[in-house]
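Okay, query-v2.cif now, which holds mmCIF, N, CA and C atoms:
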```cif
data_input
#
loop_
_atom_site.label_atom_id
_atom_site.label_comp_id
_atom_site.auth_asym_id
_atom_site.auth_seq_id
_atom_site.Cartn_x
_atom_site.Cartn_y
_atom_site.Cartn_z
N MET M 861 0.82 -1.16 0.00
CA MET M 861 0.00 0.00 0.00
C MET M 861 0.89 1.25 0.00
N ILE M 862 0.57 2.19 -0.87
CA ILE M 862 1.31 3.44 -0.94
C ILE M 862 0.58 4.46 -0.08
N ARG M 863 1.32 5.05 0.84
CA ARG M 863 0.71 6.02 1.74
C ARG M 863 1.16 7.42 1.36
N ARG M 864 0.24 8.32 1.43
CA ARG M 864 0.56 9.72 1.22
C ARG M 864 1.26 10.27 2.45
N PRO M 865 2.24 11.17 2.28
CA PRO M 865 2.87 11.75 3.46
C PRO M 865 1.88 12.62 4.22
N PRO M 866 2.01 12.70 5.52
CA PRO M 866 1.09 13.54 6.30
C PRO M 866 1.29 15.01 5.94
N ARG M 867 0.24 15.78 6.05
CA ARG M 867 0.30 17.21 5.74
C ARG M 867 0.06 18.01 7.00
N SER M 868 0.65 19.19 7.03
CA SER M 868 0.41 20.05 8.18
C SER M 868 -0.82 20.92 7.96
N THR M 869 -1.33 20.96 6.71
CA THR M 869 -2.54 21.72 6.43
C THR M 869 -3.50 20.83 5.66
N LEU M 870 -4.73 21.25 5.56
CA LEU M 870 -5.72 20.47 4.83
C LEU M 870 -5.69 20.76 3.33
N SER M 871 -5.00 21.80 2.93
CA SER M 871 -4.92 22.16 1.51
C SER M 871 -4.08 21.15 0.75
N SER M 872 -4.63 20.60 -0.33
CA SER M 872 -3.88 19.61 -1.11
C SER M 872 -2.68 20.23 -1.81
N SER M 873 -2.71 21.53 -2.07
CA SER M 873 -1.58 22.16 -2.75
C SER M 873 -0.35 22.27 -1.86
N SER M 874 -0.52 22.10 -0.57
CA SER M 874 0.63 22.23 0.34
C SER M 874 1.36 20.91 0.55
N ALA M 875 0.87 19.81 0.02
CA ALA M 875 1.50 18.50 0.26
C ALA M 875 2.94 18.47 -0.23
N ALA M 876 3.18 18.93 -1.44
CA ALA M 876 4.55 18.93 -1.98
C ALA M 876 5.44 19.85 -1.16
N SER M 877 4.91 20.98 -0.75
CA SER M 877 5.67 21.91 0.06
C SER M 877 6.06 21.29 1.39
N ASP M 878 5.13 20.58 2.02
CA ASP M 878 5.41 19.92 3.29
C ASP M 878 6.49 18.86 3.16
N VAL M 879 6.45 18.10 2.08
CA VAL M 879 7.47 17.07 1.84
C VAL M 879 8.83 17.74 1.67
N TYR M 880 8.89 18.81 0.89
CA TYR M 880 10.15 19.53 0.67
C TYR M 880 10.70 20.05 2.00
N LYS M 881 9.83 20.60 2.84
CA LYS M 881 10.27 21.14 4.13
C LYS M 881 10.82 20.03 5.02
N ARG M 882 10.15 18.88 5.05
CA ARG M 882 10.64 17.76 5.86
C ARG M 882 11.98 17.25 5.34
N GLN M 883 12.13 17.19 4.02
CA GLN M 883 13.41 16.76 3.45
C GLN M 883 14.51 17.75 3.82
N ALA M 884 14.22 19.03 3.73
CA ALA M 884 15.20 20.06 4.09
C ALA M 884 15.58 19.95 5.57
N MET M 885 14.60 19.71 6.44
CA MET M 885 14.89 19.57 7.87
C MET M 885 15.77 18.34 8.13
N ALA M 886 15.50 17.27 7.42
CA ALA M 886 16.33 16.07 7.57
C ALA M 886 17.76 16.35 7.10
N ARG M 887 17.89 17.10 6.03
CA ARG M 887 19.23 17.46 5.54
C ARG M 887 19.96 18.35 6.54
N VAL M 888 19.24 19.25 7.17
CA VAL M 888 19.85 20.10 8.20
C VAL M 888 20.44 19.21 9.29
N ASP M 889 19.68 18.24 9.75
CA ASP M 889 20.18 17.32 10.77
C ASP M 889 21.42 16.56 10.29
N GLU M 890 21.37 16.06 9.06
CA GLU M 890 22.50 15.31 8.51
C GLU M 890 23.77 16.17 8.46
N VAL M 891 23.63 17.37 7.95
CA VAL M 891 24.80 18.25 7.82
C VAL M 891 25.30 18.67 9.19
N LEU M 892 24.40 19.01 10.10
CA LEU M 892 24.84 19.39 11.45
C LEU M 892 25.60 18.26 12.13
N GLU M 893 25.12 17.04 11.99
CA GLU M 893 25.82 15.90 12.60
C GLU M 893 27.21 15.72 11.98
N GLN M 894 27.31 15.84 10.67
CA GLN M 894 28.60 15.70 9.99
C GLN M 894 29.56 16.80 10.45
N ILE M 895 29.06 18.03 10.53
CA ILE M 895 29.89 19.15 10.97
C ILE M 895 30.29 18.97 12.44
N ASN M 896 29.38 18.50 13.27
CA ASN M 896 29.72 18.26 14.68
C ASN M 896 30.79 17.19 14.82
N ASP M 897 30.71 16.13 14.02
CA ASP M 897 31.74 15.09 14.04
C ASP M 897 33.09 15.68 13.65
N MET M 898 33.09 16.49 12.59
CA MET M 898 34.33 17.12 12.14
C MET M 898 34.86 18.07 13.23
N ARG M 899 33.98 18.82 13.84
CA ARG M 899 34.39 19.77 14.88
C ARG M 899 35.00 19.04 16.08
N MET M 900 34.45 17.88 16.44
CA MET M 900 35.02 17.11 17.55
C MET M 900 36.45 16.67 17.24
N GLU M 901 36.65 16.18 16.02
CA GLU M 901 38.00 15.79 15.60
C GLU M 901 38.92 17.01 15.59
N ALA M 902 38.42 18.12 15.11
CA ALA M 902 39.22 19.33 15.02
C ALA M 902 39.61 19.83 16.41
N THR M 903 38.66 19.83 17.32
CA THR M 903 38.93 20.34 18.66
C THR M 903 40.03 19.56 19.34
N LYS M 904 40.03 18.24 19.17
CA LYS M 904 41.11 17.41 19.74
C LYS M 904 42.47 17.89 19.24
N ASN M 905 42.52 18.27 17.97
CA ASN M 905 43.79 18.71 17.39
C ASN M 905 44.12 20.15 17.73
N TYR M 906 43.15 21.02 17.68
CA TYR M 906 43.42 22.43 17.94
C TYR M 906 43.91 22.66 19.36
N TYR M 907 43.45 21.81 20.29
CA TYR M 907 43.82 22.00 21.69
C TYR M 907 44.88 21.01 22.17
N SER M 908 45.54 20.33 21.26
CA SER M 908 46.69 19.50 21.64
C SER M 908 47.94 20.35 21.43
N THR M 909 49.09 19.75 21.63
CA THR M 909 50.32 20.53 21.49
C THR M 909 50.58 20.95 20.04
N ALA M 910 50.08 20.18 19.09
CA ALA M 910 50.23 20.54 17.67
C ALA M 910 49.16 19.81 16.86
N VAL M 911 48.83 20.36 15.73
CA VAL M 911 47.86 19.71 14.85
C VAL M 911 48.55 18.53 14.18
N SER M 912 47.92 17.34 14.26
CA SER M 912 48.57 16.14 13.74
C SER M 912 48.54 16.06 12.22
N LYS M 913 49.54 15.43 11.69
CA LYS M 913 49.65 15.22 10.25
C LYS M 913 48.47 14.38 9.75
N ASP M 914 48.07 13.39 10.53
CA ASP M 914 46.93 12.52 10.19
C ASP M 914 45.64 13.35 10.05
N PHE M 915 45.45 14.29 10.95
CA PHE M 915 44.26 15.15 10.89
C PHE M 915 44.23 15.94 9.59
N VAL M 916 45.36 16.51 9.23
CA VAL M 916 45.44 17.34 8.02
C VAL M 916 45.37 16.50 6.75
N GLU M 917 46.03 15.37 6.73
CA GLU M 917 46.12 14.58 5.50
C GLU M 917 45.02 13.54 5.32
N GLU M 918 44.36 13.15 6.41
CA GLU M 918 43.34 12.11 6.28
C GLU M 918 41.96 12.52 6.81
N VAL M 919 41.93 13.06 8.02
CA VAL M 919 40.64 13.35 8.66
C VAL M 919 39.91 14.49 7.95
N LEU M 920 40.56 15.64 7.79
CA LEU M 920 39.90 16.76 7.11
C LEU M 920 39.51 16.42 5.67
N PRO M 921 40.40 15.82 4.88
CA PRO M 921 39.98 15.44 3.53
C PRO M 921 38.79 14.47 3.52
N TYR M 922 38.70 13.58 4.50
CA TYR M 922 37.55 12.67 4.59
C TYR M 922 36.27 13.47 4.76
N TYR M 923 36.24 14.38 5.74
CA TYR M 923 35.03 15.17 5.98
C TYR M 923 34.72 16.10 4.82
N PHE M 924 35.73 16.73 4.27
CA PHE M 924 35.51 17.64 3.14
C PHE M 924 34.98 16.88 1.93
N SER M 925 35.55 15.72 1.64
CA SER M 925 35.08 14.96 0.47
C SER M 925 33.67 14.41 0.71
N THR M 926 33.36 14.04 1.96
CA THR M 926 32.01 13.59 2.28
C THR M 926 31.00 14.72 2.06
N LEU M 927 31.33 15.91 2.51
CA LEU M 927 30.45 17.06 2.31
C LEU M 927 30.33 17.40 0.82
N GLU M 928 31.44 17.31 0.11
CA GLU M 928 31.43 17.61 -1.33
C GLU M 928 30.51 16.63 -2.08
N LYS M 929 30.59 15.35 -1.75
CA LYS M 929 29.72 14.35 -2.37
C LYS M 929 28.25 14.59 -2.01
N TYR M 930 28.01 14.99 -0.79
CA TYR M 930 26.66 15.30 -0.33
C TYR M 930 26.08 16.44 -1.17
N LEU M 931 26.88 17.48 -1.36
CA LEU M 931 26.44 18.62 -2.17
C LEU M 931 26.19 18.23 -3.62
N GLU M 932 27.04 17.37 -4.13
CA GLU M 932 26.87 16.89 -5.51
C GLU M 932 25.56 16.10 -5.64
N LYS M 933 25.27 15.29 -4.66
CA LYS M 933 24.06 14.46 -4.69
C LYS M 933 22.79 15.32 -4.64
N HIS M 934 22.78 16.34 -3.77
CA HIS M 934 21.56 17.12 -3.57
C HIS M 934 21.46 18.34 -4.47
N ASN M 935 22.59 18.83 -4.98
CA ASN M 935 22.61 19.93 -5.95
C ASN M 935 21.75 21.13 -5.53
N THR M 936 22.06 21.68 -4.36
CA THR M 936 21.34 22.85 -3.85
C THR M 936 22.31 24.03 -3.75
N ARG M 937 21.77 25.23 -3.64
CA ARG M 937 22.61 26.44 -3.56
C ARG M 937 23.37 26.52 -2.24
N PHE M 938 22.80 25.96 -1.18
CA PHE M 938 23.46 25.91 0.12
C PHE M 938 23.50 24.44 0.55
N PHE M 939 23.94 24.15 1.76
CA PHE M 939 24.12 22.76 2.15
C PHE M 939 22.83 21.94 2.12
N CYS M 940 21.72 22.51 2.54
CA CYS M 940 20.50 21.72 2.72
C CYS M 940 19.39 22.05 1.74
N CYS M 941 19.36 23.25 1.25
CA CYS M 941 18.32 23.67 0.33
C CYS M 941 18.81 24.92 -0.41
N ASP M 942 17.93 25.60 -1.08
CA ASP M 942 18.35 26.75 -1.88
C ASP M 942 18.44 28.05 -1.10
N SER M 943 18.17 28.02 0.18
CA SER M 943 18.37 29.18 1.04
C SER M 943 19.18 28.74 2.26
N PRO M 944 19.88 29.65 2.90
CA PRO M 944 20.74 29.25 4.03
C PRO M 944 19.93 28.78 5.24
N THR M 945 20.52 27.86 5.97
CA THR M 945 19.91 27.32 7.20
C THR M 945 20.95 27.38 8.32
N ILE M 946 20.57 26.95 9.49
CA ILE M 946 21.50 26.90 10.62
C ILE M 946 22.68 25.98 10.29
N ALA M 947 22.46 24.98 9.47
CA ALA M 947 23.55 24.07 9.07
C ALA M 947 24.62 24.83 8.31
N ASP M 948 24.23 25.79 7.49
CA ASP M 948 25.21 26.60 6.76
C ASP M 948 26.03 27.46 7.71
N CYS M 949 25.39 27.98 8.74
CA CYS M 949 26.12 28.77 9.75
C CYS M 949 27.17 27.91 10.44
N ALA M 950 26.77 26.73 10.87
CA ALA M 950 27.70 25.82 11.55
C ALA M 950 28.80 25.37 10.62
N ALA M 951 28.44 25.05 9.38
CA ALA M 951 29.45 24.61 8.41
C ALA M 951 30.43 25.73 8.10
N PHE M 952 29.92 26.92 7.93
CA PHE M 952 30.80 28.05 7.62
C PHE M 952 31.84 28.24 8.71
N GLU M 953 31.39 28.24 9.95
CA GLU M 953 32.31 28.45 11.07
C GLU M 953 33.35 27.34 11.16
N ALA M 954 32.92 26.10 11.05
CA ALA M 954 33.86 24.97 11.17
C ALA M 954 34.82 24.92 9.99
N LEU M 955 34.32 25.14 8.80
CA LEU M 955 35.17 25.10 7.61
C LEU M 955 36.14 26.27 7.58
N ARG M 956 35.67 27.44 7.94
CA ARG M 956 36.54 28.63 7.95
C ARG M 956 37.73 28.41 8.89
N THR M 957 37.51 27.74 10.00
CA THR M 957 38.58 27.47 10.94
C THR M 957 39.58 26.47 10.37
N ALA M 958 39.08 25.47 9.66
CA ALA M 958 39.95 24.39 9.16
C ALA M 958 40.62 24.70 7.82
N LEU M 959 40.09 25.65 7.07
CA LEU M 959 40.61 25.92 5.72
C LEU M 959 42.11 26.17 5.64
N PRO M 960 42.68 26.93 6.57
CA PRO M 960 44.12 27.17 6.46
C PRO M 960 44.98 25.90 6.49
N LEU M 961 44.42 24.82 6.99
CA LEU M 961 45.17 23.56 7.07
C LEU M 961 45.13 22.75 5.78
N VAL M 962 44.24 23.10 4.86
CA VAL M 962 44.04 22.29 3.66
C VAL M 962 44.55 23.06 2.43
N PRO M 963 45.74 22.70 1.95
CA PRO M 963 46.25 23.37 0.75
C PRO M 963 45.38 23.03 -0.46
N HIS M 964 45.25 23.97 -1.35
CA HIS M 964 44.48 23.79 -2.60
C HIS M 964 43.02 23.48 -2.34
N PHE M 965 42.47 24.02 -1.25
CA PHE M 965 41.08 23.76 -0.90
C PHE M 965 40.13 24.10 -2.04
N ALA M 966 40.27 25.29 -2.60
CA ALA M 966 39.32 25.77 -3.61
C ALA M 966 39.31 24.87 -4.85
N GLU M 967 40.46 24.36 -5.21
CA GLU M 967 40.52 23.50 -6.39
C GLU M 967 39.92 22.12 -6.14
N GLU M 968 40.14 21.58 -4.97
CA GLU M 968 39.67 20.23 -4.67
C GLU M 968 38.20 20.14 -4.28
N TYR M 969 37.71 21.16 -3.60
CA TYR M 969 36.36 21.13 -3.06
C TYR M 969 35.56 22.32 -3.59
N LYS M 970 35.28 22.28 -4.88
CA LYS M 970 34.65 23.41 -5.57
C LYS M 970 33.26 23.74 -5.04
N ARG M 971 32.45 22.73 -4.79
CA ARG M 971 31.08 23.00 -4.32
C ARG M 971 31.07 23.62 -2.92
N ILE M 972 31.90 23.12 -2.04
CA ILE M 972 31.99 23.71 -0.70
C ILE M 972 32.47 25.16 -0.82
N ASN M 973 33.47 25.38 -1.63
CA ASN M 973 34.00 26.72 -1.83
C ASN M 973 32.93 27.67 -2.37
N GLU M 974 32.12 27.20 -3.31
CA GLU M 974 31.04 28.02 -3.86
C GLU M 974 30.03 28.40 -2.78
N ILE M 975 29.69 27.44 -1.93
CA ILE M 975 28.73 27.72 -0.86
C ILE M 975 29.30 28.71 0.15
N ILE M 976 30.57 28.57 0.47
CA ILE M 976 31.21 29.53 1.38
C ILE M 976 31.14 30.93 0.79
N LYS M 977 31.42 31.05 -0.49
CA LYS M 977 31.35 32.37 -1.15
C LYS M 977 29.92 32.91 -1.15
N ARG M 978 28.93 32.05 -1.42
CA ARG M 978 27.53 32.48 -1.37
C ARG M 978 27.15 32.95 0.04
N PHE M 979 27.61 32.20 1.03
CA PHE M 979 27.30 32.54 2.42
C PHE M 979 27.92 33.90 2.77
N GLU M 980 29.17 34.10 2.38
CA GLU M 980 29.85 35.37 2.65
C GLU M 980 29.20 36.54 1.92
N ALA M 981 28.50 36.27 0.82
CA ALA M 981 27.87 37.33 0.02
C ALA M 981 26.46 37.67 0.47
N LEU M 982 25.94 36.97 1.47
CA LEU M 982 24.58 37.25 1.94
C LEU M 982 24.49 38.67 2.50
N PRO M 983 23.58 39.48 1.99
CA PRO M 983 23.46 40.86 2.48
C PRO M 983 23.16 40.94 3.98
N GLN M 984 22.47 39.94 4.51
CA GLN M 984 22.13 39.94 5.94
C GLN M 984 23.37 39.83 6.83
N LEU M 985 24.46 39.30 6.27
CA LEU M 985 25.67 39.09 7.07
C LEU M 985 26.77 40.10 6.76
N GLU M 986 26.50 41.00 5.86
CA GLU M 986 27.51 41.99 5.43
C GLU M 986 28.07 42.78 6.62
N LYS M 987 27.19 43.25 7.49
CA LYS M 987 27.62 44.03 8.66
C LYS M 987 28.51 43.18 9.58
N TYR M 988 28.12 41.93 9.79
CA TYR M 988 28.92 41.04 10.65
C TYR M 988 30.31 40.82 10.05
N PHE M 989 30.40 40.52 8.77
CA PHE M 989 31.69 40.24 8.16
C PHE M 989 32.60 41.47 8.14
N ALA M 990 32.02 42.65 8.20
CA ALA M 990 32.81 43.88 8.26
C ALA M 990 33.18 44.24 9.70
N SER M 991 32.59 43.56 10.66
CA SER M 991 32.80 43.91 12.07
C SER M 991 34.08 43.33 12.65
N ARG M 992 34.42 43.87 13.79
CA ARG M 992 35.57 43.40 14.55
C ARG M 992 35.38 41.96 15.04
N GLU M 993 34.14 41.61 15.38
CA GLU M 993 33.85 40.27 15.92
C GLU M 993 34.20 39.17 14.93
N HIS M 994 33.99 39.44 13.65
CA HIS M 994 34.30 38.43 12.63
C HIS M 994 35.80 38.15 12.56
N LYS M 995 36.58 39.11 12.94
CA LYS M 995 38.03 38.97 12.83
C LYS M 995 38.67 38.36 14.08
N PHE M 996 37.85 38.06 15.09
CA PHE M 996 38.39 37.44 16.29
C PHE M 996 39.02 36.08 15.95
N PRO M 997 39.97 35.63 16.75
CA PRO M 997 40.53 34.29 16.52
C PRO M 997 39.44 33.21 16.60
N ALA M 998 39.62 32.14 15.85
CA ALA M 998 38.64 31.07 15.82
C ALA M 998 38.62 30.28 17.13
N ASN M 999 39.76 30.17 17.79
CA ASN M 999 39.87 29.42 19.03
C ASN M 999 40.44 30.32 20.12
N ASN M 1000 40.30 29.89 21.38
CA ASN M 1000 40.84 30.74 22.45
C ASN M 1000 42.35 30.55 22.59
N LYS M 1001 42.95 31.31 23.48
CA LYS M 1001 44.42 31.36 23.56
C LYS M 1001 45.07 30.06 24.01
N MET M 1002 44.30 29.11 24.53
CA MET M 1002 44.89 27.82 24.94
C MET M 1002 45.10 26.87 23.75
N ALA M 1003 44.51 27.18 22.61
CA ALA M 1003 44.61 26.31 21.44
C ALA M 1003 45.97 26.46 20.78
N SER M 1004 46.43 25.39 20.15
CA SER M 1004 47.69 25.46 19.41
C SER M 1004 47.47 25.92 17.98
N PHE M 1005 46.20 26.00 17.54
CA PHE M 1005 45.89 26.44 16.18
C PHE M 1005 44.65 27.32 16.20
N GLY M 1006 44.65 28.33 15.33
CA GLY M 1006 43.47 29.17 15.17
C GLY M 1006 43.30 30.20 16.26
N CYS M 1007 44.39 30.57 16.92
CA CYS M 1007 44.30 31.58 17.96
C CYS M 1007 45.47 32.56 17.79
N SER M 1008 45.41 33.62 18.51
CA SER M 1008 46.51 34.59 18.50
C SER M 1008 47.27 34.46 19.81
N HIS M 1009 48.56 34.26 19.71
CA HIS M 1009 49.38 34.16 20.94
C HIS M 1009 50.09 35.46 21.17
#
```
Let me see the file written as structure tokens.
Amino acid sequence: MIRRPPRSTLSSSSAASDVYKRQAMARVDEVLEQINDMRMEATKNYYSTAVSKDFVEEVLPYYFSTLEKYLEKHNTRFFCCDSPTIADCAAFEALRTALPLVPHFAEEYKRINEIIKRFEALPQLEKYFASREHKFPANNKMASFGCSH
């Protein structure tokens, strides 16, 4: 038996919209979990005595390539849909911190790079990116990477 997805309204025209919204919410969860996993790995390295070679050569490329494949599969303007979500905010922050560790990032991970540029170009964030707060170090002074000593 084929079941219709549940709707949040009684209007039949909203069924497709409801499905799209649920798919987008599921994608937000997927991306947030992936970014949180990457952030946990990153934090271990940023707050150790030095960033490990394994982290730079294997761990970051694994997460970046996983995200790149995800973007290729879903083909959206941002990570989860065609407009930015909280997942894009989390991804931007985590990726911006890790980017200096990955040589040739833009060439290898074109879709991620495009999304970062789109995110940076959002008019709603223009004031923030021009502010002093945006220029703060990514990590606090106890970190071995991404901080100012």
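Of the residues listed (M:Phe915, M:Tyr880, M:Tyr906, M:Phe939), M:Phe939 shows the shortest atom-to-atom separation from Gln894 in chain M; distances use only C-alpha atoms.
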### Task
Take atom N of Leu931 in chain M and CA of Asp878 in chain M and report the distance between them in Å, one decimal.
22.1 Å
### Task
Just give me the gap between CA of Lys929 in chain M and CA of Ala910 in chain M in Å, one decimal is fine.
29.3 Å
### Query
Could you write out as a PyMOL selection string the residues that the PyMOL selection byres (((chain M and resi 958 and name CA) around 12) and name CA) matches in the shown file?
chain M and resi 895+898-899+901-903+905-906+911+915-916+919-921+923-924+951-957+959-963+965+998-999+1005-1006
Selected residues written out, N, CA and C atoms, as a compact mmCIF listing (two decimals), in the coordinates of the input:
```
# COMPACT_ATOMS: atom_id res chain seq x y z
N ILE M 895 29.06 18.03 10.53
CA ILE M 895 29.89 19.15 10.97
C ILE M 895 30.29 18.97 12.44
N MET M 898 33.09 16.49 12.59
CA MET M 898 34.33 17.12 12.14
C MET M 898 34.86 18.07 13.23
N ARG M 899 33.98 18.82 13.84
CA ARG M 899 34.39 19.77 14.88
C ARG M 899 35.00 19.04 16.08
N GLU M 901 36.65 16.18 16.02
CA GLU M 901 38.00 15.79 15.60
C GLU M 901 38.92 17.01 15.59
N ALA M 902 38.42 18.12 15.11
CA ALA M 902 39.22 19.33 15.02
C ALA M 902 39.61 19.83 16.41
N THR M 903 38.66 19.83 17.32
CA THR M 903 38.93 20.34 18.66
C THR M 903 40.03 19.56 19.34
N ASN M 905 42.52 18.27 17.97
CA ASN M 905 43.79 18.71 17.39
C ASN M 905 44.12 20.15 17.73
N TYR M 906 43.15 21.02 17.68
CA TYR M 906 43.42 22.43 17.94
C TYR M 906 43.91 22.66 19.36
N VAL M 911 48.83 20.36 15.73
CA VAL M 911 47.86 19.71 14.85
C VAL M 911 48.55 18.53 14.18
N PHE M 915 45.45 14.29 10.95
CA PHE M 915 44.26 15.15 10.89
C PHE M 915 44.23 15.94 9.59
N VAL M 916 45.36 16.51 9.23
CA VAL M 916 45.44 17.34 8.02
C VAL M 916 45.37 16.50 6.75
N VAL M 919 41.93 13.06 8.02
CA VAL M 919 40.64 13.35 8.66
C VAL M 919 39.91 14.49 7.95
N LEU M 920 40.56 15.64 7.79
CA LEU M 920 39.90 16.76 7.11
C LEU M 920 39.51 16.42 5.67
N PRO M 921 40.40 15.82 4.88
CA PRO M 921 39.98 15.44 3.53
C PRO M 921 38.79 14.47 3.52
N TYR M 923 36.24 14.38 5.74
CA TYR M 923 35.03 15.17 5.98
C TYR M 923 34.72 16.10 4.82
N PHE M 924 35.73 16.73 4.27
CA PHE M 924 35.51 17.64 3.14
C PHE M 924 34.98 16.88 1.93
N ALA M 951 28.44 25.05 9.38
CA ALA M 951 29.45 24.61 8.41
C ALA M 951 30.43 25.73 8.10
N PHE M 952 29.92 26.92 7.93
CA PHE M 952 30.80 28.05 7.62
C PHE M 952 31.84 28.24 8.71
N GLU M 953 31.39 28.24 9.95
CA GLU M 953 32.31 28.45 11.07
C GLU M 953 33.35 27.34 11.16
N ALA M 954 32.92 26.10 11.05
CA ALA M 954 33.86 24.97 11.17
C ALA M 954 34.82 24.92 9.99
N LEU M 955 34.32 25.14 8.80
CA LEU M 955 35.17 25.10 7.61
C LEU M 955 36.14 26.27 7.58
N ARG M 956 35.67 27.44 7.94
CA ARG M 956 36.54 28.63 7.95
C ARG M 956 37.73 28.41 8.89
N THR M 957 37.51 27.74 10.00
CA THR M 957 38.58 27.47 10.94
C THR M 957 39.58 26.47 10.37
N LEU M 959 40.09 25.65 7.07
CA LEU M 959 40.61 25.92 5.72
C LEU M 959 42.11 26.17 5.64
N PRO M 960 42.68 26.93 6.57
CA PRO M 960 44.12 27.17 6.46
C PRO M 960 44.98 25.90 6.49
N LEU M 961 44.42 24.82 6.99
CA LEU M 961 45.17 23.56 7.07
C LEU M 961 45.13 22.75 5.78
N VAL M 962 44.24 23.10 4.86
CA VAL M 962 44.04 22.29 3.66
C VAL M 962 44.55 23.06 2.43
N PRO M 963 45.74 22.70 1.95
CA PRO M 963 46.25 23.37 0.75
C PRO M 963 45.38 23.03 -0.46
N PHE M 965 42.47 24.02 -1.25
CA PHE M 965 41.08 23.76 -0.90
C PHE M 965 40.13 24.10 -2.04
N ALA M 998 39.62 32.14 15.85
CA ALA M 998 38.64 31.07 15.82
C ALA M 998 38.62 30.28 17.13
N ASN M 999 39.76 30.17 17.79
CA ASN M 999 39.87 29.42 19.03
C ASN M 999 40.44 30.32 20.12
N PHE M 1005 46.20 26.00 17.54
CA PHE M 1005 45.89 26.44 16.18
C PHE M 1005 44.65 27.32 16.20
N GLY M 1006 44.65 28.33 15.33
CA GLY M 1006 43.47 29.17 15.17
C GLY M 1006 43.30 30.20 16.26
```
#### Entry: Distance of CA of Glu993 in chain M from CA of Asn973 in chain M, expressed in Å to one decimal place
22.3 Å
### Query
If the PyMOL selection byres (((chain M and resi 942 and name CA) around 12) and name CA) is run on the structure shown, which residues does it catch, given as a ChimeraX atom specification?
/M:880-881,884,887,931,934-941,943-945,948,975,978-979
File of the preceding selection, N, CA and C atoms, as an mmCIF file, keeping the file's coordinate frame:
```
data_model
loop_
_atom_site.group_PDB
_atom_site.id
_atom_site.type_symbol
_atom_site.label_atom_id
_atom_site.label_comp_id
_atom_site.auth_asym_id
_atom_site.auth_seq_id
_atom_site.Cartn_x
_atom_site.Cartn_y
_atom_site.Cartn_z
ATOM 1 N N TYR M 880 8.890 18.810 0.890
ATOM 2 C CA TYR M 880 10.150 19.530 0.670
ATOM 3 C C TYR M 880 10.700 20.050 2.000
ATOM 4 N N LYS M 881 9.830 20.600 2.840
ATOM 5 C CA LYS M 881 10.270 21.140 4.130
ATOM 6 C C LYS M 881 10.820 20.030 5.020
ATOM 7 N N ALA M 884 14.220 19.030 3.730
ATOM 8 C CA ALA M 884 15.200 20.060 4.090
ATOM 9 C C ALA M 884 15.580 19.950 5.570
ATOM 10 N N ARG M 887 17.890 17.100 6.030
ATOM 11 C CA ARG M 887 19.230 17.460 5.540
ATOM 12 C C ARG M 887 19.960 18.350 6.540
ATOM 13 N N LEU M 931 26.880 17.480 -1.360
ATOM 14 C CA LEU M 931 26.440 18.620 -2.170
ATOM 15 C C LEU M 931 26.190 18.230 -3.620
ATOM 16 N N HIS M 934 22.780 16.340 -3.770
ATOM 17 C CA HIS M 934 21.560 17.120 -3.570
ATOM 18 C C HIS M 934 21.460 18.340 -4.470
ATOM 19 N N ASN M 935 22.590 18.830 -4.980
ATOM 20 C CA ASN M 935 22.610 19.930 -5.950
ATOM 21 C C ASN M 935 21.750 21.130 -5.530
ATOM 22 N N THR M 936 22.060 21.680 -4.360
ATOM 23 C CA THR M 936 21.340 22.850 -3.850
ATOM 24 C C THR M 936 22.310 24.030 -3.750
ATOM 25 N N ARG M 937 21.770 25.230 -3.640
ATOM 26 C CA ARG M 937 22.610 26.440 -3.560
ATOM 27 C C ARG M 937 23.370 26.520 -2.240
ATOM 28 N N PHE M 938 22.800 25.960 -1.180
ATOM 29 C CA PHE M 938 23.460 25.910 0.120
ATOM 30 C C PHE M 938 23.500 24.440 0.550
ATOM 31 N N PHE M 939 23.940 24.150 1.760
ATOM 32 C CA PHE M 939 24.120 22.760 2.150
ATOM 33 C C PHE M 939 22.830 21.940 2.120
ATOM 34 N N CYS M 940 21.720 22.510 2.540
ATOM 35 C CA CYS M 940 20.500 21.720 2.720
ATOM 36 C C CYS M 940 19.390 22.050 1.740
ATOM 37 N N CYS M 941 19.360 23.250 1.250
ATOM 38 C CA CYS M 941 18.320 23.670 0.330
ATOM 39 C C CYS M 941 18.810 24.920 -0.410
ATOM 40 N N SER M 943 18.170 28.020 0.180
ATOM 41 C CA SER M 943 18.370 29.180 1.040
ATOM 42 C C SER M 943 19.180 28.740 2.260
ATOM 43 N N PRO M 944 19.880 29.650 2.900
ATOM 44 C CA PRO M 944 20.740 29.250 4.030
ATOM 45 C C PRO M 944 19.930 28.780 5.240
ATOM 46 N N THR M 945 20.520 27.860 5.970
ATOM 47 C CA THR M 945 19.910 27.320 7.200
ATOM 48 C C THR M 945 20.950 27.380 8.320
ATOM 49 N N ASP M 948 24.230 25.790 7.490
ATOM 50 C CA ASP M 948 25.210 26.600 6.760
ATOM 51 C C ASP M 948 26.030 27.460 7.710
ATOM 52 N N ILE M 975 29.690 27.440 -1.930
ATOM 53 C CA ILE M 975 28.730 27.720 -0.860
ATOM 54 C C ILE M 975 29.300 28.710 0.150
ATOM 55 N N ARG M 978 28.930 32.050 -1.420
ATOM 56 C CA ARG M 978 27.530 32.480 -1.370
ATOM 57 C C ARG M 978 27.150 32.950 0.040
ATOM 58 N N PHE M 979 27.610 32.200 1.030
ATOM 59 C CA PHE M 979 27.300 32.540 2.420
ATOM 60 C C PHE M 979 27.920 33.900 2.770
#
```
May I have the centre and edge lengths, in Å to one decimal, of an axis-aligned box around the listed atoms of range 925-943 of chain M with 6 Å added to every side, as lines of an AutoDock Vina configuration file?
```
center_x = 26.7
center_y = 21.4
center_z = -1.6
size_x = 29.6
size_y = 27.6
size_z = 20.7
```
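Among the candidates M:Glu986, M:Asp897, M:Glu932, M:Glu918, the one nearest to Arg971 in chain M when counting only C-alpha atoms is M:Glu932.
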